[in-house]
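Enquirer: Let me begin by handing over the structure; questions about it come next.
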4 protein chains.
Amino acid sequence: MTTRRQRPVRFALIGAGRIGTHHATALARHVPDAELVVVADPFGDAAERLAGPLGADSTADIDAALGDERVEAVAITSTSTVHADLVQRAAAAGKAVWCEKPMAMSLAEADAAVAACEQAGVPLQVGFNRRFSPDFAAAHEVVAAGGIGTPQLLRSLTRDPGLANPGTVPPWTIFTQTLIHDFDMLLWFNTGSRPVEVHAYADALVAPDFKEAGLLDTAVVTIRFDNGAIATAEASFSAAYGYDVRGEFFGSAGMVTAGTPAHLSTTHWTTAGMAQPTSRQDTELMRDSYRAELEAFCRVVRAGEPSPVTGADARAALEVALSAVASVEHGAPVRLGAPEVTHA
Amino acid sequence: MTTRRQRPVRFALIGAGRIGTHHATALARHVPDAELVVVADPFGDAAERLAGPLGADSTADIDAALGDERVEAVAITSTSTVHADLVQRAAAAGKAVWCEKPMAMSLAEADAAVAACEQAGVPLQVGFNRRFSPDFAAAHEVVAAGGIGTPQLLRSLTRDPGLANPGTVPPWTIFTQTLIHDFDMLLWFNTGSRPVEVHAYADALVAPDFKEAGLLDTAVVTIRFDNGAIATAEASFSAAYGYDVRGEFFGSAGMVTAGTPAHLSTTHWTTAGMAQPTSRQDTELMRDSYRAELEAFCRVVRAGEPSPVTGADARAALEVALSAVASVEHGAPVRLGAPEVTHA
Amino acid sequence: MTTRRQRPVRFALIGAGRIGTHHATALARHVPDAELVVVADPFGDAAERLAGPLGADSTADIDAALGDERVEAVAITSTSTVHADLVQRAAAAGKAVWCEKPMAMSLAEADAAVAACEQAGVPLQVGFNRRFSPDFAAAHEVVAAGGIGTPQLLRSLTRDPGLANPGTVPPWTIFTQTLIHDFDMLLWFNTGSRPVEVHAYADALVAPDFKEAGLLDTAVVTIRFDNGAIATAEASFSAAYGYDVRGEFFGSAGMVTAGTPAHLSTTHWTTAGMAQPTSRQDTELMRDSYRAELEAFCRVVRAGEPSPVTGADARAALEVALSAVASVEHGAPVRLGAPEVTHA
Amino acid sequence: MTTRRQRPVRFALIGAGRIGTHHATALARHVPDAELVVVADPFGDAAERLAGPLGADSTADIDAALGDERVEAVAITSTSTVHADLVQRAAAAGKAVWCEKPMAMSLAEADAAVAACEQAGVPLQVGFNRRFSPDFAAAHEVVAAGGIGTPQLLRSLTRDPGLANPGTVPPWTIFTQTLIHDFDMLLWFNTGSRPVEVHAYADALVAPDFKEAGLLDTAVVTIRFDNGAIATAEASFSAAYGYDVRGEFFGSAGMVTAGTPAHLSTTHWTTAGMAQPTSRQDTELMRDSYRAELEAFCRVVRAGEPSPVTGADARAALEVALSAVASVEHGAPVRLGAPEVTHA
């Protein structure tokens, strides 16, 4: 009457915003092998409002949370610009690190973050949750098993259901925050090859009034790989019909596709024809993926499994994103591997 | 830094078999508002093997579990023939009752179980999990909102991916264990109407050698309702392609369908054409439904919400099941409302 | 510079109603190996209105058309009650016979029609066009190749988009005119087996005011075959969303399905979700099938191919239809092979 | 008993190759309002082999065919390099002109062809058959009715099922012969806007041995329009799973998609999952479109309807194709409207 289950991984979560709220809730309630110990946010009130109902402590002192002896792992869900710094501080504190994307805003930052984790000997996993979507994971298994032969034409897209406050969106967000998921998909499905050139078109079609302020809300990026494959990544900040995340991976032996905005089999037939519901919530559509990435990270921490999304993966996707930014700035294709362009 | 979350509902679970294992795991790990306190099974070893890794106590003494003062709610996942008795004992112990289907094997048993809960003033919820499938729930919302007009032709089917041990399956299982889900669906989607006549064909096509022993593995039941609607329920114990649960609800203004064996959007295109994976696991396909019905029950217990699947619902589906049995026995349609036929 | 193509088959068409208009147009314009010589109809005006724009002659004298020396083949598209008589007269005139379904209204009539064609040595093909639908034909190839193993559960349905003039519909039409397509499908997909028992429910749910006059507009028929397979045929005279013809054929090794009311791949995604158009026209949805059955018949006449839909096929489907009628009349299942019930 | 149908349009067809064979057969047998009078080809044998079985005359003298007094309309299905010249000669002969794509190989040629038809006062229609696909036509109606709002992200792709004889494919074929369909789609679905810049990646991934000879078999083209819309056109000469033609048109109010390689509703479910057949034949998948474009042209000739695909449409698509060629040559985006680049 006694064998107790394995002790859960005890987490500090840094950053009590929208995505932090989602991950904190997952850690406290939906990831059985995780325990949320403390939520830290410079806005202590926000931390408390999030932590309280979840039965966790809260603090405005991030170093206190990182130094908390109960804490084994840190989930970084703060604003992107401080991700790389927090990765380094968490590593210095000897904690396992899970970091939302993008892990860094420059390649130099990315290198520093990766180096810090290596030196501290702590695992690092980055939040490319789409790899954990059952649909995309099954597609990747097909590709890994040779089911499409040699990749030739790849496509990945992200369309968000709406653009709530265009004034608050930093420049280049569409590349560094949104399309970075698609860049990771394209790299992951073309594992073994390297991108060699990137071309991008982008514009402010959803909120043209904010174009002056640097907001781009619509973009198409084409990527050439060293195995000849040509990839397209496409994003929009406003899909009327809801959250839309899809991939199409075509090669010499066939094609595999994943994703659909129609997330239920429910189908309604009337005089107007056939209709299926879509979803406007990424947290609904990607709920299983969000949980699965954290479950995987618990296995990394507890069972010593290798990180399924490494700092090197984060750096590679970032390099494509920064090249796309450069392509838009210069109105021309950009070769990768050239000295880094610095941005934002 | 202190508001704790709402206290979880503390459960005893009775019956440590296959479905009990699934529900115990859900209660302990995946239903945030539930806590598994104790697992009881006449086979104490089975109870212990299940409870231990989940951090719960175990016992072979069911009355001890029912009488445990920590326990607020009982989940009954034992063999079907003792369901009704356990419902009454749990009610007598003052516990909220959640019971797997079928809640009873005869209408008299069903009436006794319902009466016991009413007298004890405890809530009772029955395990028709399909109502909690997001696909079927969305379809039901369409129908409830008038989206198909007046129901005219209804269909519900269940096909299990395989028949592991035909020798262990009790007679009439296809009606009382499998199709009872479909009968509940048809009643639920035709709410407000009553079945008036039932006709059934059934045979042993999967395992003909066991026909002598009374095992029927393939069945089609047609049901006539008092609003004119005609319904079909269909089941097979062996679908080569995996678990298949579907509904089709047609009326004067349209049709709504729910369910598909293709549970991922992942699609593979090769020289052989297009292919999509299916699932062989009901616990995979229905995982969300299994969790959602227990989450709903926690709200019944904590928030006093009305039971979403009542004892009366269980009795109504059972009456159709027993009528289908009678139709097979007599080779003729059976009118409902006649004095009960006794079986099993 | 001269090799001419094969001479087309020269047709007389008898019956200038709705379906006759469709077939006459097909023969004159869309079936390259056919030539429409003459249209005959007791209403000479109707014959002329149809024939003129198609470049054919017309007549009110059916025997004149049957005796026309130019004519090699007769297409019978008249009212159903005279089908069997016209088959016999066309056979007596030595013409190849293509007859719309149902070929006869009683088994005795069916036998006489078949015998007449055999004695005259003329080919006979019946208008079960669904066999020529590319979707159903491909499904049948799968079944014939063993792709579902032994058939166990079969389903076929027909839903018409509307019931224009309920007052003009003869009693039992839903069985002898509509479901007869489904009975043929079920027999064709279960080739080699014989139906042994039929049970039917039917009602007037679309036009209840006409129930007194004998009009049934909604029906579900279950059929038991001698190989154990259980089949369901289902029909409605009023599908809000359009013409709906589907089949589902399930067996020991898998399932094949055919048909969908969504006849285009075009998909529209908006705030309301995803939508696809449906079709309200059987002549649109089944256009290719209508043409293909006539093209096949031209090959029967010219190339001596065996008839793909024989008089025996027509008789077998009719026997199921008449048994369904008897089941409704008697409120009980009906065994096949008993002395014929006479109707209509 | 005499009203004859409208007299069919009498055609000469120039070019007895693969696509000429298809169109000649359609004109002779499947387009009721057309009559094939004569087939002309410099290889007189080929002309005769095609014309004979179709009941048409044949000749090796193209001017004789163009000058044939019986002929009202000319269908040009010869090798692409002589299209523009033949358009001018047919116009000079006073015949209505239907020309396969591409109508010309340079903008100067295109201008000359258009001018010749205008001067002669003869109608001109170009073979962008995809506009006549029921799926794409329905999608275009949605867009024309405002169903996607303002176009923002457009996609069109063509994948052929195989590359039979790479040695015989002229350079730049993927742009001028294949993607030109996609360029026309993108222009048609973004009617009212003009392309302003084109970027292209292309490679020889299917038949790398022929890259030296100039054969490119895989390409991705991105196009920027003056209304901000960004479009992608994608092609491959070898799709393992069959012919694949699709479009996706996304705008401020929604998205419409058209096309799927799964051309039948037939679905097969086995232990391997779900499967649907695809088609390897463009003439099968696009059969209805091929016929419909010729039927439309007959209405242009007989009823004086405006040409649904004008010479200006052909020129606009060609301009994008030539810009894509230039982009590949220069490794940079190309602005449209600059002085013409000359090629091929």
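By order in the structure tokens, chains are A, B, ...; within a chain, residues start at 1; ligands start at 1, following the order shown.
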Once chain A is fitted onto chain D by least squares over all its in-order Cα atoms, send the moved chain as a compact mmCIF listing (two decimals) with C-alpha atoms, in the first residue's frame.

Expert:
# COMPACT_ATOMS: atom_id res chain seq x y z
CA MET A 1 -41.04 17.59 -85.96
CA THR A 2 -38.47 19.96 -87.39
CA THR A 3 -36.74 22.58 -85.22
CA ARG A 4 -33.12 21.58 -85.66
CA ARG A 5 -30.53 22.42 -83.03
CA GLN A 6 -28.11 25.28 -83.55
CA ARG A 7 -25.44 24.58 -86.13
CA PRO A 8 -22.13 23.55 -84.44
CA VAL A 9 -18.99 25.67 -84.78
CA ARG A 10 -16.71 24.13 -87.41
CA PHE A 11 -13.09 23.85 -86.33
CA ALA A 12 -9.69 23.40 -87.83
CA LEU A 13 -7.16 22.15 -85.28
CA ILE A 14 -3.46 22.84 -85.84
CA GLY A 15 -1.02 20.50 -84.10
CA ALA A 16 -1.60 16.76 -83.67
CA GLY A 17 0.56 16.15 -80.58
CA ARG A 18 -0.52 15.01 -77.14
CA ILE A 19 -2.62 18.01 -76.19
CA GLY A 20 -3.86 18.40 -79.77
CA THR A 21 -5.11 14.81 -79.65
CA HIS A 22 -7.00 15.55 -76.48
CA HIS A 23 -8.61 18.72 -77.81
CA ALA A 24 -9.41 17.21 -81.20
CA THR A 25 -11.20 14.34 -79.49
CA ALA A 26 -13.10 16.77 -77.31
CA LEU A 27 -14.15 18.87 -80.29
CA ALA A 28 -15.26 15.85 -82.29
CA ARG A 29 -16.97 13.88 -79.55
CA HIS A 30 -17.53 15.76 -76.30
CA VAL A 31 -18.31 19.37 -77.14
CA PRO A 32 -21.80 19.17 -78.63
CA ASP A 33 -21.67 22.62 -80.19
CA ALA A 34 -18.38 21.97 -82.00
CA GLU A 35 -17.58 20.05 -85.16
CA LEU A 36 -14.05 19.07 -86.07
CA VAL A 37 -13.64 19.65 -89.78
CA VAL A 38 -9.92 19.28 -90.34
CA VAL A 39 -6.71 18.53 -88.46
CA ALA A 40 -3.51 20.09 -89.79
CA ASP A 41 0.03 19.18 -88.84
CA PRO A 42 3.31 19.51 -90.71
CA PHE A 43 3.60 15.79 -90.07
CA GLY A 44 0.73 14.78 -92.30
CA ASP A 45 0.76 11.22 -90.99
CA ALA A 46 0.13 12.38 -87.45
CA ALA A 47 -2.71 14.58 -88.65
CA GLU A 48 -4.27 11.68 -90.51
CA ARG A 49 -3.96 9.23 -87.62
CA LEU A 50 -5.74 11.71 -85.39
CA ALA A 51 -8.39 12.94 -87.82
CA GLY A 52 -9.46 9.65 -89.32
CA PRO A 53 -11.10 7.93 -86.37
CA LEU A 54 -12.75 11.24 -85.48
CA GLY A 55 -14.35 11.57 -88.89
CA ALA A 56 -12.40 14.68 -89.84
CA ASP A 57 -10.20 15.54 -92.79
CA SER A 58 -6.46 15.96 -92.37
CA THR A 59 -3.67 17.86 -94.07
CA ALA A 60 -0.01 18.73 -93.80
CA ASP A 61 -0.69 22.14 -95.32
CA ILE A 62 -1.55 24.51 -92.52
CA ASP A 63 -2.49 27.36 -94.85
CA ALA A 64 -4.94 25.05 -96.57
CA ALA A 65 -6.61 24.35 -93.25
CA LEU A 66 -6.66 28.03 -92.29
CA GLY A 67 -8.11 28.91 -95.67
CA ASP A 68 -10.72 26.14 -95.67
CA GLU A 69 -14.05 27.85 -96.31
CA ARG A 70 -15.93 25.44 -94.08
CA VAL A 71 -13.76 26.42 -91.10
CA GLU A 72 -15.05 29.14 -88.75
CA ALA A 73 -12.62 28.71 -85.87
CA VAL A 74 -9.08 27.54 -85.38
CA ALA A 75 -7.77 25.68 -82.36
CA ILE A 76 -4.00 26.09 -82.05
CA THR A 77 -2.39 23.18 -80.24
CA SER A 78 0.99 23.15 -81.92
CA THR A 79 4.40 23.57 -80.31
CA SER A 80 4.47 26.76 -78.25
CA THR A 81 7.09 28.61 -80.24
CA VAL A 82 4.78 29.00 -83.22
CA HIS A 83 1.61 29.88 -81.29
CA ALA A 84 1.85 33.62 -81.79
CA ASP A 85 2.59 33.27 -85.48
CA LEU A 86 -0.36 30.93 -85.97
CA VAL A 87 -2.67 33.27 -84.07
CA GLN A 88 -1.76 35.98 -86.56
CA ARG A 89 -2.21 33.76 -89.59
CA ALA A 90 -5.56 32.48 -88.34
CA ALA A 91 -6.69 36.03 -87.67
CA ALA A 92 -5.55 37.08 -91.13
CA ALA A 93 -7.70 34.28 -92.53
CA GLY A 94 -10.67 35.74 -90.65
CA LYS A 95 -11.12 32.81 -88.29
CA ALA A 96 -12.02 32.93 -84.62
CA VAL A 97 -8.94 31.88 -82.63
CA TRP A 98 -8.56 29.57 -79.69
CA CYS A 99 -4.90 29.13 -78.67
CA GLU A 100 -3.27 26.87 -76.12
CA LYS A 101 -1.03 28.52 -73.54
CA PRO A 102 1.40 30.14 -73.73
CA MET A 103 0.01 32.34 -76.50
CA ALA A 104 3.48 33.78 -77.12
CA MET A 105 7.10 33.46 -76.03
CA SER A 106 7.81 37.20 -75.76
CA LEU A 107 5.79 40.29 -74.95
CA ALA A 108 6.43 41.62 -78.45
CA GLU A 109 4.97 38.45 -79.95
CA ALA A 110 2.03 38.66 -77.57
CA ASP A 111 1.35 42.25 -78.60
CA ALA A 112 1.50 41.32 -82.27
CA ALA A 113 -0.92 38.42 -81.78
CA VAL A 114 -3.42 40.54 -79.90
CA ALA A 115 -3.17 43.33 -82.46
CA ALA A 116 -3.75 40.92 -85.34
CA CYS A 117 -6.99 39.63 -83.82
CA GLU A 118 -8.20 43.13 -83.06
CA GLN A 119 -7.48 44.31 -86.59
CA ALA A 120 -9.18 41.28 -88.10
CA GLY A 121 -12.13 41.66 -85.73
CA VAL A 122 -11.96 38.00 -84.69
CA PRO A 123 -12.37 36.72 -81.14
CA LEU A 124 -9.34 35.32 -79.33
CA GLN A 125 -9.41 32.94 -76.38
CA VAL A 126 -6.37 31.44 -74.62
CA GLY A 127 -6.16 28.00 -73.03
CA PHE A 128 -5.99 28.78 -69.32
CA ASN A 129 -8.29 25.84 -68.64
CA ARG A 130 -8.00 26.06 -64.88
CA ARG A 131 -10.43 28.97 -64.92
CA PHE A 132 -13.05 26.48 -66.12
CA SER A 133 -12.44 23.88 -63.43
CA PRO A 134 -15.67 23.76 -61.41
CA ASP A 135 -13.63 23.88 -58.19
CA PHE A 136 -11.60 26.94 -59.17
CA ALA A 137 -14.56 28.67 -60.80
CA ALA A 138 -16.59 28.28 -57.61
CA ALA A 139 -13.67 29.63 -55.60
CA HIS A 140 -13.39 32.61 -57.90
CA GLU A 141 -17.07 33.36 -57.46
CA VAL A 142 -16.51 33.45 -53.72
CA VAL A 143 -13.65 35.92 -54.12
CA ALA A 144 -15.51 38.04 -56.66
CA ALA A 145 -18.42 38.27 -54.22
CA GLY A 146 -16.09 39.61 -51.53
CA GLY A 147 -15.93 36.34 -49.65
CA ILE A 148 -12.29 36.75 -48.64
CA GLY A 149 -12.27 40.53 -48.40
CA THR A 150 -9.07 42.11 -49.72
CA PRO A 151 -6.58 39.52 -51.03
CA GLN A 152 -3.42 39.35 -48.91
CA LEU A 153 -1.75 35.98 -49.33
CA LEU A 154 -2.30 33.91 -52.47
CA ARG A 155 -0.93 30.55 -53.48
CA SER A 156 -1.19 28.47 -56.61
CA LEU A 157 0.66 25.29 -57.42
CA THR A 158 1.05 22.74 -60.18
CA ARG A 159 2.69 19.39 -59.77
CA ASP A 160 2.86 17.00 -62.66
CA PRO A 161 2.91 13.31 -61.97
CA GLY A 162 6.11 12.58 -63.86
CA LEU A 163 8.82 13.79 -66.16
CA ALA A 164 8.91 11.31 -69.01
CA ASN A 165 11.65 12.62 -71.28
CA PRO A 166 13.67 15.31 -69.56
CA GLY A 167 15.94 15.59 -72.58
CA THR A 168 13.11 16.96 -74.69
CA VAL A 169 11.97 19.70 -72.34
CA PRO A 170 13.02 23.19 -73.44
CA PRO A 171 14.71 25.50 -70.92
CA TRP A 172 12.40 27.66 -68.82
CA THR A 173 9.48 25.34 -69.54
CA ILE A 174 8.56 25.28 -65.88
CA PHE A 175 7.88 29.01 -66.05
CA THR A 176 6.44 29.51 -69.53
CA GLN A 177 4.45 26.27 -69.80
CA THR A 178 3.62 25.09 -66.31
CA LEU A 179 3.67 27.97 -63.87
CA ILE A 180 2.01 30.21 -66.42
CA HIS A 181 -1.24 28.53 -65.32
CA ASP A 182 -0.48 29.51 -61.74
CA PHE A 183 0.44 33.05 -62.72
CA ASP A 184 -2.89 33.35 -64.50
CA MET A 185 -4.67 32.01 -61.40
CA LEU A 186 -2.95 34.51 -59.12
CA LEU A 187 -3.71 37.40 -61.49
CA TRP A 188 -7.31 36.27 -61.92
CA PHE A 189 -7.95 35.89 -58.19
CA ASN A 190 -6.36 39.29 -57.57
CA THR A 191 -8.22 41.03 -60.39
CA GLY A 192 -7.79 44.78 -60.29
CA SER A 193 -4.25 44.66 -59.01
CA ARG A 194 -0.97 44.48 -60.87
CA PRO A 195 2.18 42.53 -60.03
CA VAL A 196 5.07 44.84 -59.25
CA GLU A 197 7.94 42.54 -58.33
CA VAL A 198 8.82 38.89 -58.83
CA HIS A 199 11.38 36.66 -57.12
CA ALA A 200 12.08 33.07 -58.10
CA TYR A 201 14.08 30.09 -56.95
CA ALA A 202 14.39 27.11 -59.28
CA ASP A 203 16.48 24.00 -59.49
CA ALA A 204 16.83 20.58 -61.13
CA LEU A 205 15.92 18.25 -58.28
CA VAL A 206 13.98 15.65 -60.24
CA ALA A 207 16.45 15.19 -63.08
CA PRO A 208 19.71 16.78 -61.91
CA ASP A 209 21.60 15.32 -64.86
CA PHE A 210 19.74 17.66 -67.16
CA LYS A 211 20.49 20.82 -65.21
CA GLU A 212 23.45 21.54 -67.45
CA ALA A 213 21.14 21.44 -70.44
CA GLY A 214 19.01 24.10 -68.79
CA LEU A 215 16.15 21.99 -67.50
CA LEU A 216 14.70 23.28 -64.24
CA ASP A 217 12.05 20.99 -62.74
CA THR A 218 11.27 22.56 -59.36
CA ALA A 219 10.45 26.21 -58.71
CA VAL A 220 9.00 28.63 -56.21
CA VAL A 221 8.04 32.12 -57.35
CA THR A 222 6.91 34.93 -55.06
CA ILE A 223 5.04 37.89 -56.47
CA ARG A 224 4.28 41.23 -54.92
CA PHE A 225 1.18 43.09 -56.11
CA ASP A 226 0.38 46.78 -56.00
CA ASN A 227 -2.43 46.15 -53.49
CA GLY A 228 0.09 44.67 -51.08
CA ALA A 229 -0.89 41.07 -51.68
CA ILE A 230 1.97 38.58 -51.71
CA ALA A 231 1.58 35.50 -53.87
CA THR A 232 3.44 32.23 -54.18
CA ALA A 233 3.48 29.99 -57.25
CA GLU A 234 5.07 26.59 -56.93
CA ALA A 235 5.72 23.80 -59.38
CA SER A 236 7.35 20.41 -59.64
CA PHE A 237 7.66 18.12 -62.64
CA SER A 238 7.38 14.98 -60.54
CA ALA A 239 4.75 14.36 -57.89
CA ALA A 240 4.84 10.70 -56.88
CA TYR A 241 1.17 10.73 -55.91
CA GLY A 242 -0.22 12.13 -59.14
CA TYR A 243 -1.46 15.29 -60.70
CA ASP A 244 -1.79 18.08 -58.15
CA VAL A 245 -3.32 21.46 -58.91
CA ARG A 246 -4.37 23.63 -55.98
CA GLY A 247 -5.05 27.20 -55.01
CA GLU A 248 -5.32 28.98 -51.67
CA PHE A 249 -6.58 32.54 -51.59
CA PHE A 250 -6.45 34.34 -48.26
CA GLY A 251 -7.67 37.82 -47.47
CA SER A 252 -8.90 40.18 -44.80
CA ALA A 253 -12.24 38.36 -44.43
CA GLY A 254 -11.27 34.73 -44.91
CA MET A 255 -9.83 32.14 -47.25
CA VAL A 256 -10.98 30.02 -50.12
CA THR A 257 -9.17 26.94 -51.36
CA ALA A 258 -9.66 24.83 -54.47
CA GLY A 259 -8.25 21.62 -55.80
CA THR A 260 -7.11 18.32 -54.34
CA PRO A 261 -5.25 15.38 -55.82
CA ALA A 262 -7.86 13.08 -54.28
CA HIS A 263 -10.41 13.27 -57.05
CA LEU A 264 -12.88 10.68 -55.77
CA SER A 265 -14.83 10.48 -52.53
CA THR A 266 -14.00 6.79 -52.38
CA THR A 267 -12.19 6.02 -49.15
CA HIS A 268 -10.65 2.74 -48.07
CA TRP A 269 -10.02 1.94 -44.40
CA THR A 270 -7.75 -0.95 -43.45
CA THR A 271 -5.18 -1.87 -40.84
CA ALA A 272 -2.91 0.60 -42.64
CA GLY A 273 -5.30 3.48 -41.93
CA MET A 274 -7.44 5.43 -44.37
CA ALA A 275 -6.64 5.76 -48.05
CA GLN A 276 -8.03 7.66 -51.02
CA PRO A 277 -7.06 7.27 -54.67
CA THR A 278 -5.36 10.05 -56.61
CA SER A 279 -5.05 10.59 -60.33
CA ARG A 280 -1.93 10.55 -62.49
CA GLN A 281 -3.63 12.07 -65.54
CA ASP A 282 -4.15 15.75 -66.03
CA THR A 283 -6.56 14.88 -68.81
CA GLU A 284 -8.59 12.91 -66.26
CA LEU A 285 -8.41 15.46 -63.47
CA MET A 286 -8.93 18.43 -65.79
CA ARG A 287 -11.23 16.69 -68.29
CA ASP A 288 -14.23 18.82 -67.42
CA SER A 289 -12.12 21.97 -67.58
CA TYR A 290 -10.75 21.11 -71.01
CA ARG A 291 -14.24 20.56 -72.35
CA ALA A 292 -15.68 23.61 -70.63
CA GLU A 293 -13.14 26.01 -72.09
CA LEU A 294 -14.00 24.82 -75.59
CA GLU A 295 -17.73 24.99 -74.87
CA ALA A 296 -17.21 28.56 -73.68
CA PHE A 297 -15.33 29.39 -76.86
CA CYS A 298 -18.21 28.04 -78.95
CA ARG A 299 -20.47 30.50 -77.14
CA VAL A 300 -17.98 33.27 -77.91
CA VAL A 301 -18.14 32.37 -81.58
CA ARG A 302 -21.86 31.64 -81.88
CA ALA A 303 -23.43 33.92 -79.30
CA GLY A 304 -20.91 36.72 -79.40
CA GLU A 305 -20.09 36.41 -75.72
CA PRO A 306 -16.92 38.23 -74.67
CA SER A 307 -13.81 36.05 -74.53
CA PRO A 308 -13.38 34.71 -70.98
CA VAL A 309 -9.58 34.51 -71.36
CA THR A 310 -8.21 37.31 -73.48
CA GLY A 311 -4.93 37.99 -75.20
CA ALA A 312 -4.29 40.61 -72.54
CA ASP A 313 -4.66 37.91 -69.88
CA ALA A 314 -2.14 35.79 -71.74
CA ARG A 315 0.27 38.72 -71.99
CA ALA A 316 -0.01 39.49 -68.27
CA ALA A 317 0.77 35.93 -67.23
CA LEU A 318 3.64 35.80 -69.69
CA GLU A 319 5.12 38.94 -68.24
CA VAL A 320 5.26 37.30 -64.81
CA ALA A 321 6.77 34.16 -66.31
CA LEU A 322 9.51 36.11 -68.10
CA SER A 323 10.20 38.08 -64.93
CA ALA A 324 10.60 34.84 -63.01
CA VAL A 325 13.07 33.66 -65.64
CA ALA A 326 14.98 36.91 -65.24
CA SER A 327 14.97 36.55 -61.46
CA VAL A 328 16.54 33.11 -61.72
CA GLU A 329 19.13 34.40 -64.19
CA HIS A 330 20.07 37.36 -62.03
CA GLY A 331 19.60 35.81 -58.60
CA ALA A 332 17.55 38.80 -57.52
CA PRO A 333 13.98 40.10 -57.51
CA VAL A 334 12.82 41.67 -60.77
CA ARG A 335 10.60 44.74 -61.02
CA LEU A 336 7.85 44.50 -63.61
CA GLY A 337 7.26 47.19 -66.16
CA ALA A 338 10.95 47.53 -66.93
CA PRO A 339 12.00 47.07 -70.57
CA GLU A 340 11.36 43.50 -71.63
CA VAL A 341 13.98 40.86 -71.08
CA THR A 342 14.22 38.65 -74.16
CA HIS A 343 14.40 34.89 -73.94
CA ALA A 344 14.03 31.50 -75.41

Enquirer: Check range 131-297 of chain D with DSSP on the backbone and list each residue it calls helix (DSSP H, G or I), as a VMD selection string.

Expert: chain D and resid 131 to 132 134 to 144 166 to 168 173 to 189 208 to 210 282 to 285 287 to 297

Enquirer: Determine which residues of range 93-232 of chain A receive a DSSP assignment of strand (DSSP E or B), computed from the backbone, and state them as a PyMOL selection string.

Expert: chain A and resi 96-99+124-126+151-159+195-203+218-225+230-232
